[in-house]
Each structure stands twice: as structure tokens, then as C-alpha cells.
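Pasted below: target.cif, mmCIF, C-alpha atoms.
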```cif
data_input
loop_
_atom_site.label_atom_id
_atom_site.label_comp_id
_atom_site.auth_asym_id
_atom_site.auth_seq_id
_atom_site.Cartn_x
_atom_site.Cartn_y
_atom_site.Cartn_z
CA MET Z 1 0.00 0.00 0.00
CA SER Z 2 1.10 3.58 -0.65
CA CYS Z 3 2.80 5.25 2.31
CA THR Z 4 1.31 8.62 1.32
CA GLN Z 5 -0.16 10.43 4.30
CA PHE Z 6 -2.68 13.28 4.19
CA THR Z 7 -2.38 15.62 7.16
CA LYS Z 8 -5.03 18.31 6.69
CA ASP Z 9 -8.28 18.46 8.68
CA PHE Z 10 -11.49 17.72 6.77
CA THR Z 11 -13.43 19.99 9.17
CA GLN Z 12 -11.13 23.02 8.89
CA GLN Z 13 -12.90 25.87 7.11
CA GLU Z 14 -11.43 29.13 5.87
CA SER Z 15 -11.36 32.14 8.14
CA ILE Z 16 -14.26 34.57 8.25
CA PRO Z 17 -13.41 37.56 5.99
CA GLN Z 18 -11.70 40.38 7.85
CA ALA Z 19 -14.59 42.74 7.08
CA GLY Z 20 -16.93 40.36 8.91
CA ILE Z 21 -14.58 40.04 11.88
CA ASP Z 22 -14.23 43.82 12.11
CA LYS Z 23 -17.99 44.34 11.99
CA ALA Z 24 -18.56 41.60 14.55
CA LEU Z 25 -16.10 43.26 16.93
CA GLU Z 26 -17.89 46.59 16.42
CA ILE Z 27 -21.23 44.99 17.26
CA MET Z 28 -19.84 43.25 20.32
CA ALA Z 29 -18.35 46.52 21.52
CA SER Z 30 -21.75 48.19 21.14
CA GLY Z 31 -23.60 45.37 22.89
CA LYS Z 32 -26.34 45.52 20.22
CA LEU Z 33 -26.40 41.90 19.18
CA HIS Z 34 -30.19 41.48 19.13
CA ARG Z 35 -31.59 42.20 15.70
CA TYR Z 36 -34.20 44.65 17.02
CA ASN Z 37 -31.75 46.56 19.20
CA THR Z 38 -31.39 49.41 16.71
CA ALA Z 39 -31.79 53.17 16.79
CA PRO Z 40 -34.80 54.78 15.03
CA GLY Z 41 -34.27 54.59 11.29
CA GLU Z 42 -31.20 52.36 11.64
CA LYS Z 43 -30.94 49.12 9.70
CA GLY Z 44 -29.35 46.30 11.65
CA GLU Z 45 -27.03 43.72 10.11
CA ALA Z 46 -29.79 41.08 9.99
CA ALA Z 47 -32.09 43.39 8.03
CA LEU Z 48 -29.30 44.31 5.62
CA LEU Z 49 -28.40 40.65 5.09
CA GLU Z 50 -32.03 39.89 4.27
CA GLU Z 51 -32.16 42.67 1.70
CA GLU Z 52 -28.93 41.52 0.09
CA PHE Z 53 -29.76 37.81 0.01
CA ALA Z 54 -33.22 38.48 -1.45
CA GLN Z 55 -31.54 40.52 -4.17
CA TYR Z 56 -28.95 37.77 -4.77
CA MET Z 57 -31.73 35.20 -5.14
CA GLY Z 58 -33.96 37.43 -7.27
CA LYS Z 59 -36.74 37.04 -4.70
CA LYS Z 60 -38.96 39.67 -3.10
CA TYR Z 61 -38.43 38.71 0.53
CA CYS Z 62 -35.92 37.07 2.86
CA LEU Z 63 -35.91 36.18 6.55
CA SER Z 64 -32.77 35.30 8.51
CA CYS Z 65 -33.28 32.44 10.97
CA ALA Z 66 -31.48 30.58 13.75
CA SER Z 67 -30.79 27.57 11.50
CA CYS Z 68 -31.82 25.98 8.22
CA GLY Z 69 -33.89 23.52 10.22
CA SER Z 70 -35.82 26.37 11.80
CA SER Z 71 -36.23 28.04 8.40
CA MET Z 72 -37.78 24.82 7.02
CA TYR Z 73 -40.08 24.60 10.03
CA LEU Z 74 -41.15 28.22 9.56
CA ALA Z 75 -41.59 27.62 5.82
CA LEU Z 76 -43.92 24.69 6.46
CA LYS Z 77 -45.96 26.51 9.10
CA SER Z 78 -46.16 29.82 7.25
CA SER Z 79 -47.16 28.07 4.01
CA GLY Z 80 -50.14 26.47 5.71
CA VAL Z 81 -49.04 22.97 6.74
CA LYS Z 82 -51.30 21.75 9.55
CA PRO Z 83 -50.89 18.88 12.04
CA GLY Z 84 -51.82 15.64 10.31
CA ASP Z 85 -51.07 16.91 6.80
CA LYS Z 86 -48.86 14.65 4.69
CA VAL Z 87 -45.54 16.03 3.48
CA LEU Z 88 -43.48 14.20 0.86
CA CYS Z 89 -39.71 14.16 1.37
CA ASN Z 90 -36.86 12.31 -0.31
CA ALA Z 91 -35.47 9.56 1.90
CA PHE Z 92 -31.81 10.53 1.34
CA THR Z 93 -31.40 13.65 3.43
CA LEU Z 94 -30.12 14.75 6.81
CA ALA Z 95 -32.05 14.54 10.07
CA PRO Z 96 -33.13 18.23 10.31
CA VAL Z 97 -35.36 17.79 7.24
CA PRO Z 98 -37.72 15.13 8.62
CA GLY Z 99 -37.22 16.87 11.96
CA ALA Z 100 -38.77 20.06 10.59
CA ILE Z 101 -41.75 18.11 9.26
CA GLU Z 102 -42.19 16.26 12.57
CA ASN Z 103 -41.97 19.57 14.43
CA SER Z 104 -44.81 20.96 12.31
CA GLY Z 105 -47.04 18.08 13.37
CA ALA Z 106 -47.31 16.78 9.82
CA GLU Z 107 -46.93 13.18 8.67
CA ILE Z 108 -43.74 12.37 6.75
CA VAL Z 109 -44.10 10.41 3.51
CA LEU Z 110 -40.66 9.29 2.36
CA VAL Z 111 -39.89 9.01 -1.34
CA ASP Z 112 -37.30 6.63 -2.79
CA ILE Z 113 -34.10 7.78 -4.52
CA THR Z 114 -32.27 6.70 -7.66
CA ASP Z 115 -28.65 5.83 -8.44
CA ASP Z 116 -27.79 9.48 -9.11
CA TYR Z 117 -28.63 10.19 -5.41
CA THR Z 118 -31.70 12.31 -6.23
CA ILE Z 119 -35.40 11.79 -5.59
CA ASP Z 120 -37.10 9.06 -7.61
CA LEU Z 121 -39.50 11.04 -9.79
CA ASP Z 122 -41.66 8.04 -10.62
CA ASP Z 123 -42.09 7.23 -6.93
CA LEU Z 124 -42.77 10.92 -6.25
CA ASP Z 125 -45.47 11.04 -8.92
CA LYS Z 126 -47.02 7.81 -7.61
CA LYS Z 127 -47.20 9.06 -4.03
CA ALA Z 128 -48.33 12.54 -5.06
CA LYS Z 129 -51.44 11.03 -6.69
CA SER Z 130 -52.98 10.49 -3.27
CA SER Z 131 -55.79 12.99 -2.70
CA ASP Z 132 -54.54 13.82 0.81
CA VAL Z 133 -50.96 14.73 -0.20
CA HIS Z 134 -50.40 18.42 -0.95
CA TRP Z 135 -46.83 19.23 0.13
CA LEU Z 136 -43.29 18.41 -0.99
CA LEU Z 137 -40.24 19.34 1.07
CA LEU Z 138 -37.53 18.61 -1.49
CA SER Z 139 -34.01 18.21 -0.15
CA HIS Z 140 -31.22 18.90 -2.64
CA MET Z 141 -29.14 16.52 -0.58
CA ARG Z 142 -25.37 16.93 -0.79
CA GLY Z 143 -25.86 19.36 -3.65
CA HIS Z 144 -27.47 16.90 -6.09
CA ILE Z 145 -30.31 18.62 -7.98
CA ALA Z 146 -33.00 16.44 -9.53
CA ASN Z 147 -34.70 17.25 -12.83
CA MET Z 148 -36.54 20.38 -11.70
CA ASP Z 149 -38.56 20.57 -14.93
CA ARG Z 150 -40.13 17.21 -14.16
CA ILE Z 151 -40.55 18.05 -10.49
CA MET Z 152 -42.41 21.25 -11.29
CA GLU Z 153 -44.57 19.34 -13.77
CA ILE Z 154 -45.47 16.82 -11.04
CA CYS Z 155 -46.14 19.60 -8.53
CA ASN Z 156 -48.38 21.47 -10.94
CA THR Z 157 -50.23 18.35 -12.11
CA ARG Z 158 -50.71 16.87 -8.62
CA GLY Z 159 -51.35 20.13 -6.78
CA LEU Z 160 -48.22 19.98 -4.62
CA THR Z 161 -46.80 23.04 -2.86
CA LEU Z 162 -43.01 22.86 -3.14
CA ILE Z 163 -40.62 23.95 -0.38
CA GLU Z 164 -36.92 23.57 -1.18
CA ASP Z 165 -34.20 22.58 1.27
CA CYS Z 166 -31.15 24.23 -0.29
CA ALA Z 167 -28.72 23.69 2.57
CA HIS Z 168 -26.22 22.23 0.06
CA THR Z 169 -27.14 24.24 -3.06
CA MET Z 170 -26.64 27.89 -2.17
CA GLY Z 171 -25.29 29.44 -5.38
CA ALA Z 172 -26.35 26.47 -7.55
CA TYR Z 173 -28.66 26.50 -10.58
CA TRP Z 174 -30.91 24.24 -12.59
CA ASP Z 175 -31.06 25.28 -16.24
CA GLN Z 176 -29.90 28.82 -15.33
CA LYS Z 177 -32.54 29.22 -12.59
CA LYS Z 178 -31.27 29.43 -9.03
CA SER Z 179 -31.86 26.56 -6.67
CA GLY Z 180 -34.33 27.79 -4.08
CA SER Z 181 -36.33 29.90 -6.52
CA PHE Z 182 -38.57 27.12 -7.87
CA GLY Z 183 -40.89 26.55 -4.91
CA LYS Z 184 -43.10 28.70 -2.75
CA VAL Z 185 -40.22 28.91 -0.25
CA GLY Z 186 -36.49 28.23 -0.44
CA CYS Z 187 -34.49 27.46 2.72
CA PHE Z 188 -30.72 27.80 3.10
CA SER Z 189 -28.09 27.00 5.72
CA THR Z 190 -25.21 29.08 7.06
CA GLN Z 191 -23.94 26.36 9.39
CA THR Z 192 -20.14 26.07 9.47
CA TYR Z 193 -19.84 23.36 6.80
CA LYS Z 194 -22.10 25.08 4.27
CA HIS Z 195 -21.34 27.72 1.63
CA MET Z 196 -21.47 30.63 4.05
CA ASN Z 197 -20.38 30.21 7.66
CA SER Z 198 -21.94 31.79 10.74
CA GLY Z 199 -21.65 28.70 12.93
CA GLU Z 200 -25.41 28.22 12.85
CA GLY Z 201 -27.99 30.07 10.79
CA GLY Z 202 -30.60 29.88 8.06
CA LEU Z 203 -32.18 32.00 5.36
CA LEU Z 204 -35.72 31.76 4.00
CA VAL Z 205 -36.77 33.33 0.69
CA THR Z 206 -40.18 33.70 -0.96
CA ASP Z 207 -42.22 35.95 -3.22
CA ASP Z 208 -45.42 35.38 -1.22
CA PRO Z 209 -46.30 38.39 1.01
CA GLU Z 210 -48.46 36.42 3.44
CA VAL Z 211 -45.91 33.63 3.78
CA ILE Z 212 -43.11 36.05 4.68
CA ALA Z 213 -45.38 38.01 7.04
CA ARG Z 214 -46.30 34.80 8.87
CA ALA Z 215 -42.67 33.69 8.92
CA ILE Z 216 -41.49 37.02 10.34
CA ILE Z 217 -44.02 36.85 13.17
CA LEU Z 218 -43.34 33.15 13.78
CA SER Z 219 -39.60 33.82 13.92
CA GLY Z 220 -40.09 36.01 16.98
CA SER Z 221 -40.49 39.59 15.78
CA TYR Z 222 -42.93 40.44 18.59
CA MET Z 223 -44.67 43.56 17.24
CA LEU Z 224 -41.41 44.87 15.75
CA TYR Z 225 -41.96 43.51 12.26
CA GLU Z 226 -41.85 47.03 10.85
CA ARG Z 227 -38.09 46.92 11.46
CA HIS Z 228 -37.81 44.26 8.77
CA THR Z 229 -36.99 45.94 5.47
CA SER Z 230 -37.37 42.80 3.34
CA ARG Z 231 -41.11 42.55 3.89
CA PRO Z 232 -44.47 43.42 2.31
CA ASP Z 233 -46.63 46.41 3.21
CA MET Z 234 -47.50 46.67 6.90
CA SER Z 235 -51.17 46.07 6.09
CA VAL Z 236 -50.38 42.40 5.36
CA PHE Z 237 -49.50 41.91 9.03
CA GLU Z 238 -52.75 43.33 10.41
CA SER Z 239 -54.91 40.21 10.14
CA LEU Z 240 -52.02 37.97 11.27
CA LYS Z 241 -50.40 39.76 14.19
CA THR Z 242 -52.58 38.28 16.94
CA MET Z 243 -53.19 34.93 15.22
CA VAL Z 244 -49.60 33.76 14.69
CA PRO Z 245 -47.46 32.57 17.64
CA ASN Z 246 -43.84 33.44 18.42
CA TYR Z 247 -41.38 30.54 18.00
CA SER Z 248 -38.18 32.55 18.61
CA CYS Z 249 -36.17 31.37 15.57
CA ARG Z 250 -34.40 34.67 14.82
CA MET Z 251 -30.89 35.32 13.62
CA ASP Z 252 -28.91 37.96 15.51
CA ASN Z 253 -26.90 40.89 14.18
CA LEU Z 254 -23.59 39.25 15.10
CA ARG Z 255 -24.07 36.28 12.82
CA ALA Z 256 -25.50 38.46 10.05
CA ALA Z 257 -22.37 40.63 10.23
CA LEU Z 258 -20.22 37.55 9.65
CA LEU Z 259 -22.30 36.58 6.62
CA ARG Z 260 -22.62 39.79 4.63
CA PRO Z 261 -19.00 39.86 3.34
CA GLN Z 262 -19.27 36.15 2.54
CA LEU Z 263 -22.39 36.76 0.46
CA ALA Z 264 -20.54 39.42 -1.53
CA ASP Z 265 -17.92 36.79 -2.41
CA LEU Z 266 -20.21 33.77 -2.71
CA ASP Z 267 -20.00 33.21 -6.47
CA THR Z 268 -16.21 33.30 -6.37
CA GLN Z 269 -16.21 30.76 -3.54
CA CYS Z 270 -18.58 28.52 -5.48
CA ARG Z 271 -16.17 28.49 -8.42
CA ARG Z 272 -13.32 27.56 -6.07
CA TRP Z 273 -15.34 24.64 -4.66
CA ASN Z 274 -16.07 23.39 -8.14
CA GLU Z 275 -12.40 23.49 -9.11
CA ARG Z 276 -11.72 21.06 -6.28
CA TYR Z 277 -14.83 18.98 -6.88
CA ASP Z 278 -14.12 18.62 -10.59
CA ARG Z 279 -10.52 17.61 -9.92
CA LEU Z 280 -11.67 14.93 -7.48
CA ALA Z 281 -14.57 13.75 -9.64
CA LEU Z 282 -12.36 13.33 -12.70
CA GLY Z 283 -9.87 11.29 -10.69
CA LEU Z 284 -12.42 9.16 -8.89
CA LYS Z 285 -14.15 8.23 -12.16
CA LYS Z 286 -10.86 6.70 -13.34
CA ILE Z 287 -10.55 4.36 -10.34
CA PRO Z 288 -11.93 0.89 -11.08
CA GLY Z 289 -14.56 -0.20 -8.58
CA LEU Z 290 -15.86 3.29 -7.80
CA PHE Z 291 -19.11 4.70 -9.18
CA LEU Z 292 -19.88 8.39 -9.59
CA PRO Z 293 -23.17 9.25 -11.32
CA ASP Z 294 -23.01 11.53 -14.32
CA ARG Z 295 -24.49 14.95 -13.60
CA ASP Z 296 -27.12 16.48 -15.87
CA PRO Z 297 -25.61 19.29 -17.99
CA ARG Z 298 -28.50 21.53 -16.89
CA GLU Z 299 -27.27 21.29 -13.29
CA ALA Z 300 -24.81 23.99 -12.19
CA TYR Z 301 -23.79 22.47 -8.84
CA VAL Z 302 -21.64 23.74 -5.99
CA GLY Z 303 -19.27 20.91 -5.08
CA SER Z 304 -18.54 21.41 -1.38
CA SER Z 305 -18.71 17.64 -0.87
CA ILE Z 306 -18.44 14.59 -3.10
CA GLN Z 307 -20.12 11.19 -3.03
CA PHE Z 308 -19.25 7.90 -4.68
CA SER Z 309 -20.49 4.33 -4.41
CA LEU Z 310 -18.67 1.05 -3.87
CA ASN Z 311 -21.19 -1.00 -5.82
CA GLY Z 312 -21.10 -4.73 -5.22
CA LYS Z 313 -18.85 -4.50 -2.15
CA SER Z 314 -19.71 -6.12 1.15
CA GLU Z 315 -20.07 -4.33 4.45
CA ALA Z 316 -16.80 -5.85 5.64
CA GLN Z 317 -14.95 -4.64 2.53
CA ILE Z 318 -16.38 -1.13 2.85
CA LEU Z 319 -15.48 -0.91 6.54
CA GLU Z 320 -11.90 -2.01 5.81
CA PHE Z 321 -11.66 0.50 2.96
CA LEU Z 322 -12.89 3.32 5.20
CA SER Z 323 -10.51 2.31 7.96
CA LYS Z 324 -7.45 2.18 5.71
CA CYS Z 325 -8.28 5.55 4.15
CA LYS Z 326 -8.67 7.08 7.61
CA GLU Z 327 -5.33 5.64 8.71
CA GLN Z 328 -3.77 7.69 5.90
CA GLY Z 329 -5.69 10.84 6.84
CA VAL Z 330 -8.59 10.65 4.37
CA GLU Z 331 -11.84 10.89 6.31
CA LEU Z 332 -14.82 9.39 4.50
CA LYS Z 333 -18.35 9.10 5.85
CA TRP Z 334 -20.58 6.14 5.07
CA PHE Z 335 -24.37 6.15 4.89
CA GLY Z 336 -24.55 2.38 5.28
CA ASN Z 337 -23.95 2.32 9.03
CA LYS Z 338 -26.68 0.51 10.93
CA GLU Z 339 -26.46 3.21 13.62
CA PRO Z 340 -26.31 6.99 12.95
CA VAL Z 341 -22.79 8.39 13.21
CA GLY Z 342 -22.17 12.12 13.57
CA PHE Z 343 -24.03 14.04 10.87
CA THR Z 344 -24.63 10.87 8.86
CA SER Z 345 -27.84 8.90 9.26
CA ALA Z 346 -30.08 6.80 7.06
CA TYR Z 347 -33.86 6.96 7.15
CA GLU Z 348 -34.10 3.61 8.95
CA SER Z 349 -32.65 5.26 12.07
CA TRP Z 350 -35.54 7.77 12.29
CA LYS Z 351 -37.62 5.50 14.51
CA TYR Z 352 -39.88 8.35 15.59
CA LEU Z 353 -41.55 8.06 12.17
CA GLY Z 354 -43.25 4.88 13.37
CA GLN Z 355 -43.77 2.26 10.68
CA LEU Z 356 -40.94 2.80 8.19
CA PRO Z 357 -41.52 2.15 4.48
CA ASP Z 358 -39.50 -0.48 2.63
CA LEU Z 359 -37.54 1.73 0.25
CA THR Z 360 -35.49 -0.93 -1.52
CA ASN Z 361 -33.52 1.39 -3.78
CA THR Z 362 -32.67 3.85 -1.02
CA ARG Z 363 -31.39 1.07 1.24
CA ARG Z 364 -29.35 -0.45 -1.61
CA ILE Z 365 -27.81 2.88 -2.64
CA LEU Z 366 -26.99 4.15 0.86
CA ALA Z 367 -25.46 0.78 1.80
CA VAL Z 368 -22.52 1.46 -0.53
CA MET Z 369 -22.35 5.28 -0.57
CA CYS Z 370 -19.26 7.14 0.66
CA ASP Z 371 -19.26 10.86 1.37
CA MET Z 372 -16.39 13.34 1.67
CA ARG Z 373 -16.24 17.02 2.55
CA ILE Z 374 -14.20 19.34 0.32
CA PRO Z 375 -13.20 22.35 2.44
CA LEU Z 376 -11.67 25.33 0.65
CA THR Z 377 -8.62 24.95 2.87
CA PHE Z 378 -7.65 22.07 0.52
CA THR Z 379 -5.55 22.92 -2.54
CA LEU Z 380 -5.78 21.20 -5.91
CA GLU Z 381 -2.56 19.40 -5.00
CA ASP Z 382 -4.28 18.18 -1.83
CA CYS Z 383 -7.02 16.75 -4.02
CA ASP Z 384 -4.40 14.81 -5.97
CA THR Z 385 -2.96 13.41 -2.74
CA ILE Z 386 -6.43 12.31 -1.61
CA LEU Z 387 -7.03 10.64 -4.98
CA ASN Z 388 -3.74 8.77 -4.73
CA ILE Z 389 -4.63 7.44 -1.27
CA ILE Z 390 -8.12 6.35 -2.35
CA GLU Z 391 -6.81 4.71 -5.54
CA GLN Z 392 -4.09 2.77 -3.75
CA THR Z 393 -6.51 1.69 -1.02
CA VAL Z 394 -9.04 0.49 -3.60
CA LYS Z 395 -6.36 -1.55 -5.37
CA THR Z 396 -5.22 -3.09 -2.09
CA ILE Z 397 -8.56 -3.74 -0.43
CA LEU Z 398 -11.27 -3.96 -3.09
CA ILE Z 399 -9.70 -5.35 -6.24
#
```
Encoding of this model in C-alpha cells:
Amino acid sequence: MSCTQFTKDFTQQESIPQAGIDKALEIMASGKLHRYNTAPGEKGEAALLEEEFAQYMGKKYCLSCASCGSSMYLALKSSGVKPGDKVLCNAFTLAPVPGAIENSGAEIVLVDITDDYTIDLDDLDKKAKSSDVHWLLLSHMRGHIANMDRIMEICNTRGLTLIEDCAHTMGAYWDQKKSGSFGKVGCFSTQTYKHMNSGEGGLLVTDDPEVIARAIILSGSYMLYERHTSRPDMSVFESLKTMVPNYSCRMDNLRAALLRPQLADLDTQCRRWNERYDRLALGLKKIPGLFLPDRDPREAYVGSSIQFSLNGKSEAQILEFLSKCKEQGVELKWFGNKEPVGFTSAYESWKYLGQLPDLTNTRRILAVMCDMRIPLTFTLEDCDTILNIIEQTVKTILI
């Protein structure tokens, strides 16, 4: 086996831009961290971030939230999801997605996936035919975007309201239309390992004035919603202000200050991620025994992580492969674990759902799927080192 050793940390992100650090220090010195702690006529950092992200997305309104999970929860509630409603969701996703549906009181209806790691559109159409199914929370899991033309056709034909989980697709497009701009609401993450980093955080975008008004009140605006500048006319709030509860899911000015300079540089960062992703993808495709699905040319992805499958390999072989890679410093996650590990879990570990469906394809695909972060602290030469380690390990263990 190759004696090559990789020494960089797969969790090490780049520093916050100096402009964000400087602004954060200014806010901490002032003590005005709360988003509504502003002088008359003053726009806080959270309000400015909302204006700028709405403009970036080409949407009318934006709300900054405590997390992407909370933004999905607010999106469901503000769009009209009631306890007992059925919400479709692809089975390959992370735990906050079904968690948001569970939190809304709705029933989760999991949809199978296909070998390209995206939602199975035939299974979606089949399950959407039911007369009591009216919602789809679509997770663009790990940055893989399904055929949005077909999805919108299914939604329109079956009367589904689409909410997009874009935690992994900030800055991505489908056929030149931004991910997160297809549905009634788009939800984004600013957690440390996403495309903008505030530790925790979420952003919700929509063109619907009543949805954003509900979301603003739900997020915990008290009666201070007039201080939001990415909002509809104040009259929209009148019939809602005493009918919508406060769930306290706000973002604060400190985190917004960290994000605004990152948003200004987001497209450049996305290109840098794709340089690394494309280098890795090209190399991985050349390694016998590994499978990477071809990506649709209409999909303009943001490759902050990469997935590949060890088709036909046993659990014992996969575990040995993962172990040998880790010994050489290459940290791979595996969705085939029978127990959830860290951020990684398969739908069969969500026991709170009750009776779990038998999603044969999802189980088969996740059983052999490996997952790797691509932090921007890695150089292109680092990508080559990682490829060398994976290739040599495959040759030693799997072939």
C-alpha cells in the first residue's frame, strides 16, 4: 500500500473575511447583538443581510433564521401545513429535514431515490397522486439537484406546494434558474460546513407576502416587524399579528455581520469549490470499482462535498476500505452504518416516524455510498494526494 499520508483536517474551514470580523467586533463593543436593538431609522445587520440575500436570489423577501432547520419549520408553518397533513420528502437527506416536518405536526411520507442520489421522480409522482398529499419538502441533498422541470410538472399536475431545502445548493442552478427559486419557499443554511459560515444560521426566501409576514411573526419579531426591510406592506401583518405565535427562531446581528461579506464573495467561492470537486470527480471516475453518477448538464452544482459508491462491495470490505483511508488521513463518511454516526444517518434510524416504508432502492444505494467534505482549505494538489490514497486503497482492499 502507498505510504502517502494526508495531514489536513477535513473539518477546517477558511477564516471569516476580515470585514466580517471587524464588523462583529464593532457589534460586540456596542452590545447591540439582538436584531431589534437598533436606533430609530437604523438598519441592523440582519435586516441588511435579508435585503442583500433576497436581491442575490432574485426574490422579493428574505428572513434570517437561527438555523436551516428552523427556516424549514417556519416555511412549512407559514405556508399552511397543519398537524396531520402529509408532506413528501426524499429519503436521502439529513435529520433536520424530517425533523422540521415532525416539528410541524405533519406526517412524513418518504420518497425513494435513484442511483444518481436524487429523488425518484416516478415514486414521487405515484405518491403525489394520493388525494390527501399536498406538500413536498424537497431536499437537494449533498448538492445533487434532480430534474426540476419534471418536479415542477409533477407539482403542478398533482397540486403539490413545493418547499426547497437548499442547505447544500446555495449558489447552484438548474437550467440557469437558481436553486431555491422554484418553490413557494427556499431554505438555506449558514452552518459552518455550508457555503457561508456563521456557525449556525438559516435564510428563508419567498415571493409570497403572506408567507413572509407569517414567517417574520413566527420567527419572533414580537410587534417589531416594521423593522424588517425585506417585507411586504404593513397592512399584510394586520390580520395575522394576533393569530400567529412566536417561536423565537431569529438570527442575531452578530451572525449576520459575519455573513454579509461572505455573500458578496459567494459566487467566487462557489467556483473555487467546483475546481476542487471537478478535480476529485475526474480522478475518482478513473478508479476501477468506484461509481460516480453523471451529472445532468443543466445542473450547475456547488461541489462542497463529493459522493461515490462502492457497488457490489460487502459491508466488511467497505469498513476495511474506510478504515485504511482514515489511517492515511482521508476521512470518508458512510451512509450504510446501521447506527447513525455524527451528521450521517439513514432513514431507517428515524424510529420516531413509526412504521418505516421499505424503500429498496434507497437502502441499496446508501449501503454502498461514501461521502467526503471538500473544504476550501484544501488545494488542488491536496485533491491529488487524496485521490492517490483512495486509488491505492481500492487496489489493495477492493480489487
*Write out as a ChimeraX atom specification each polymer residue whose atoms come within 7 Å of segment 98-102 of chain Z, counting all atoms listed in the file; drop sequence neighbours fewer than 6 positions from it.*
/Z:69,72-73,108
*Computed interatomic separation between atom CA of Gly199 of chain Z and atom CA of Leu254 of chain Z (Å)*: 10.9 Å
Counting all atoms listed in the file, give me one row per residue of segment 302-355 of chain Z with an atom at most 12 Å from an atom of segment 376-381 of chain Z, showing the shortest contact pair and its distance in Å to one decimal, sorted by chain then residue number, as a Markdown table.
```
| residue | atom | partner | partner_atom | distance |
| --- | --- | --- | --- | --- |
| Z:Gly303 | CA | Z:Leu376 | CA | 10.5 |
| Z:Ser304 | CA | Z:Leu376 | CA | 8.2 |
| Z:Ser305 | CA | Z:Leu376 | CA | 10.5 |
```
_Result set, the PyMOL selection byres ((chain Z and resi 394-396) around 8) on current file, as a PyMOL selection string_ = chain Z and resi 1+287+289+321+390-393+397-399
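What separates atom CA of Asp122 of chain Z from atom CA of Asn90 of chain Z is a distance of 12.1 Å.
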Export segment 248-263 of chain Z from the structure block above, keeping N, CA and C atoms, as a PDB file, in the first residue's frame.
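Written output follows (selection.pdb):
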```
ATOM      1  N   SER Z 248     -39.544  32.127  18.286  1.00  0.00           N
ATOM      2  CA  SER Z 248     -38.177  32.547  18.614  1.00  0.00           C
ATOM      3  C   SER Z 248     -37.115  31.796  17.801  1.00  0.00           C
ATOM      4  N   CYS Z 249     -37.120  32.012  16.488  1.00  0.00           N
ATOM      5  CA  CYS Z 249     -36.166  31.374  15.570  1.00  0.00           C
ATOM      6  C   CYS Z 249     -35.342  32.421  14.825  1.00  0.00           C
ATOM      7  N   ARG Z 250     -35.067  33.547  15.490  1.00  0.00           N
ATOM      8  CA  ARG Z 250     -34.396  34.669  14.816  1.00  0.00           C
ATOM      9  C   ARG Z 250     -32.903  34.433  14.656  1.00  0.00           C
ATOM     10  N   MET Z 251     -32.334  35.142  13.676  1.00  0.00           N
ATOM     11  CA  MET Z 251     -30.887  35.317  13.621  1.00  0.00           C
ATOM     12  C   MET Z 251     -30.551  36.630  14.306  1.00  0.00           C
ATOM     13  N   ASP Z 252     -29.336  36.728  14.852  1.00  0.00           N
ATOM     14  CA  ASP Z 252     -28.915  37.960  15.507  1.00  0.00           C
ATOM     15  C   ASP Z 252     -27.989  38.765  14.608  1.00  0.00           C
ATOM     16  N   ASN Z 253     -27.739  39.997  14.984  1.00  0.00           N
ATOM     17  CA  ASN Z 253     -26.898  40.890  14.178  1.00  0.00           C
ATOM     18  C   ASN Z 253     -25.449  40.417  14.080  1.00  0.00           C
ATOM     19  N   LEU Z 254     -24.982  39.711  15.103  1.00  0.00           N
ATOM     20  CA  LEU Z 254     -23.590  39.251  15.096  1.00  0.00           C
ATOM     21  C   LEU Z 254     -23.359  38.247  13.969  1.00  0.00           C
ATOM     22  N   ARG Z 255     -24.232  37.266  13.879  1.00  0.00           N
ATOM     23  CA  ARG Z 255     -24.070  36.275  12.815  1.00  0.00           C
ATOM     24  C   ARG Z 255     -24.292  36.899  11.442  1.00  0.00           C
ATOM     25  N   ALA Z 256     -25.253  37.794  11.335  1.00  0.00           N
ATOM     26  CA  ALA Z 256     -25.498  38.461  10.051  1.00  0.00           C
ATOM     27  C   ALA Z 256     -24.266  39.254   9.604  1.00  0.00           C
ATOM     28  N   ALA Z 257     -23.579  39.866  10.564  1.00  0.00           N
ATOM     29  CA  ALA Z 257     -22.370  40.635  10.233  1.00  0.00           C
ATOM     30  C   ALA Z 257     -21.284  39.728   9.664  1.00  0.00           C
ATOM     31  N   LEU Z 258     -21.188  38.508  10.176  1.00  0.00           N
ATOM     32  CA  LEU Z 258     -20.218  37.554   9.649  1.00  0.00           C
ATOM     33  C   LEU Z 258     -20.549  37.131   8.220  1.00  0.00           C
ATOM     34  N   LEU Z 259     -21.837  37.122   7.897  1.00  0.00           N
ATOM     35  CA  LEU Z 259     -22.296  36.580   6.616  1.00  0.00           C
ATOM     36  C   LEU Z 259     -22.262  37.575   5.464  1.00  0.00           C
ATOM     37  N   ARG Z 260     -22.475  38.835   5.729  1.00  0.00           N
ATOM     38  CA  ARG Z 260     -22.619  39.795   4.628  1.00  0.00           C
ATOM     39  C   ARG Z 260     -21.386  39.848   3.726  1.00  0.00           C
ATOM     40  N   PRO Z 261     -20.161  39.889   4.247  1.00  0.00           N
ATOM     41  CA  PRO Z 261     -19.004  39.862   3.345  1.00  0.00           C
ATOM     42  C   PRO Z 261     -18.877  38.534   2.587  1.00  0.00           C
ATOM     43  N   GLN Z 262     -19.322  37.441   3.215  1.00  0.00           N
ATOM     44  CA  GLN Z 262     -19.271  36.145   2.535  1.00  0.00           C
ATOM     45  C   GLN Z 262     -20.255  36.101   1.368  1.00  0.00           C
ATOM     46  N   LEU Z 263     -21.417  36.708   1.542  1.00  0.00           N
ATOM     47  CA  LEU Z 263     -22.392  36.762   0.456  1.00  0.00           C
ATOM     48  C   LEU Z 263     -21.825  37.534  -0.731  1.00  0.00           C
TER      49      LEU Z 263
END
```
